[in-house]
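A.B. asks: Starting off with a structure, shown below.
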Amino acid sequence: ILFNKKFDETWDKYTKKGENENSWLKIVIPKKRVSFRDACEFLDESEIYHDYETTSAFVHGHDITSKLSPFAFYISIYHKLYLMMFYIFKSIRLCGINEEMEEKIQDLELELIELEKIAK
């Protein structure tokens, strides 16, 4: 149904005039205009918003230093790896996993923590 349609047509079909993509969340978050930050706070997932904010600042930064410095030191590269793995593990856990898989994930998390000591 949504294929081969222009974005505006699809947007108009699912939203009312003057609303944003998070308007459907007004059912549970009583605000006139629900932001991504509001959704993260409602879910008590403030670290997700912090990561989003950091990533957004990096993407929209205009100076060369802010673009290169995150990759200049091992610790910076490690933080990006840790962040990626943190969300991968969190996503896997959403699917419901058995004890054996949980133990393996916890072992990998411990290895990531040990890796930080090497990166510093």
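Chains: A, B, ... in order of the structure tokens. Residues: from 1 per chain. Ligands: from 1, in order shown.
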Among region 38-115 of chain A, which residues does DSSP mark as alpha helix (DSSP H) when it is run on the backbone? Keep the chain and numbering as in the structure and answer as a VMD selection string.
C.D. replies: chain A and resid 38 to 42 46 to 60 64 to 68 74 to 94 99 to 115
A.B. asks: For the residues in the current selection, export C-alpha atoms as a JSON list (two decimals), in the first residue's frame.
C.D. replies:
```json
[["chain", "number", "residue", "atom", "x", "y", "z"],
["A", 38, "ASP", "CA", 9.62, 13.02, 26.08],
["A", 39, "ALA", "CA", 9.26, 9.43, 24.85],
["A", 40, "CYS", "CA", 12.65, 8.46, 26.29],
["A", 41, "GLU", "CA", 11.80, 10.05, 29.64],
["A", 42, "PHE", "CA", 8.41, 8.31, 29.70],
["A", 46, "SER", "CA", 17.34, 8.62, 29.38],
["A", 47, "GLU", "CA", 20.60, 7.05, 28.16],
["A", 48, "ILE", "CA", 19.00, 6.53, 24.74],
["A", 49, "TYR", "CA", 18.25, 10.25, 24.48],
["A", 50, "HIS", "CA", 21.76, 11.12, 25.67],
["A", 51, "ASP", "CA", 23.25, 8.86, 22.98],
["A", 52, "TYR", "CA", 20.93, 10.39, 20.38],
["A", 53, "GLU", "CA", 21.95, 13.88, 21.46],
["A", 54, "THR", "CA", 25.67, 13.03, 21.25],
["A", 55, "THR", "CA", 25.28, 11.40, 17.85],
["A", 56, "SER", "CA", 23.25, 14.32, 16.56],
["A", 57, "ALA", "CA", 25.88, 16.81, 17.72],
["A", 58, "PHE", "CA", 28.55, 14.76, 15.96],
["A", 59, "VAL", "CA", 26.56, 14.50, 12.71],
["A", 60, "HIS", "CA", 25.66, 18.18, 12.64],
["A", 64, "ILE", "CA", 36.99, 19.26, 11.26],
["A", 65, "THR", "CA", 38.15, 18.68, 14.83],
["A", 66, "SER", "CA", 34.76, 17.39, 15.94],
["A", 67, "LYS", "CA", 34.69, 15.07, 12.93],
["A", 68, "LEU", "CA", 38.17, 13.58, 13.37],
["A", 74, "TYR", "CA", 41.68, 4.13, 20.95],
["A", 75, "ILE", "CA", 39.39, 5.10, 23.83],
["A", 76, "SER", "CA", 37.15, 7.05, 21.44],
["A", 77, "ILE", "CA", 36.89, 4.08, 19.11],
["A", 78, "TYR", "CA", 36.21, 1.83, 22.10],
["A", 79, "HIS", "CA", 33.29, 4.02, 23.23],
["A", 80, "LYS", "CA", 31.67, 3.73, 19.82],
["A", 81, "LEU", "CA", 32.13, -0.05, 19.87],
["A", 82, "TYR", "CA", 30.70, -0.26, 23.40],
["A", 83, "LEU", "CA", 27.69, 1.86, 22.46],
["A", 84, "MET", "CA", 26.98, -0.27, 19.41],
["A", 85, "MET", "CA", 27.27, -3.51, 21.39],
["A", 86, "PHE", "CA", 25.14, -2.12, 24.25],
["A", 87, "TYR", "CA", 22.22, -1.56, 21.87],
["A", 88, "ILE", "CA", 22.74, -4.89, 20.11],
["A", 89, "PHE", "CA", 22.57, -6.71, 23.46],
["A", 90, "LYS", "CA", 19.54, -4.66, 24.48],
["A", 91, "SER", "CA", 17.79, -5.55, 21.21],
["A", 92, "ILE", "CA", 18.56, -9.25, 21.61],
["A", 93, "ARG", "CA", 17.11, -9.20, 25.12],
["A", 94, "LEU", "CA", 13.85, -7.73, 23.76],
["A", 99, "GLU", "CA", 19.58, -18.36, 30.61],
["A", 100, "GLU", "CA", 22.43, -19.74, 28.51],
["A", 101, "MET", "CA", 22.18, -16.87, 26.02],
["A", 102, "GLU", "CA", 21.96, -14.34, 28.87],
["A", 103, "GLU", "CA", 25.14, -15.77, 30.39],
["A", 104, "LYS", "CA", 26.94, -15.49, 27.05],
["A", 105, "ILE", "CA", 25.84, -11.87, 26.70],
["A", 106, "GLN", "CA", 27.02, -11.10, 30.23],
["A", 107, "ASP", "CA", 30.39, -12.69, 29.45],
["A", 108, "LEU", "CA", 30.70, -10.51, 26.35],
["A", 109, "GLU", "CA", 29.79, -7.43, 28.38],
["A", 110, "LEU", "CA", 32.56, -8.28, 30.86],
["A", 111, "GLU", "CA", 35.00, -8.67, 27.98],
["A", 112, "LEU", "CA", 34.00, -5.23, 26.70],
["A", 113, "ILE", "CA", 34.72, -3.77, 30.13],
["A", 114, "GLU", "CA", 38.14, -5.47, 30.15],
["A", 115, "LEU", "CA", 38.80, -4.10, 26.68]]
```
A.B. asks: Using CA of Ser35 (chain A) and CA of Glu21 (chain A) as the two end points, give the distance in Å to one decimal.
C.D. replies: 8.9 Å
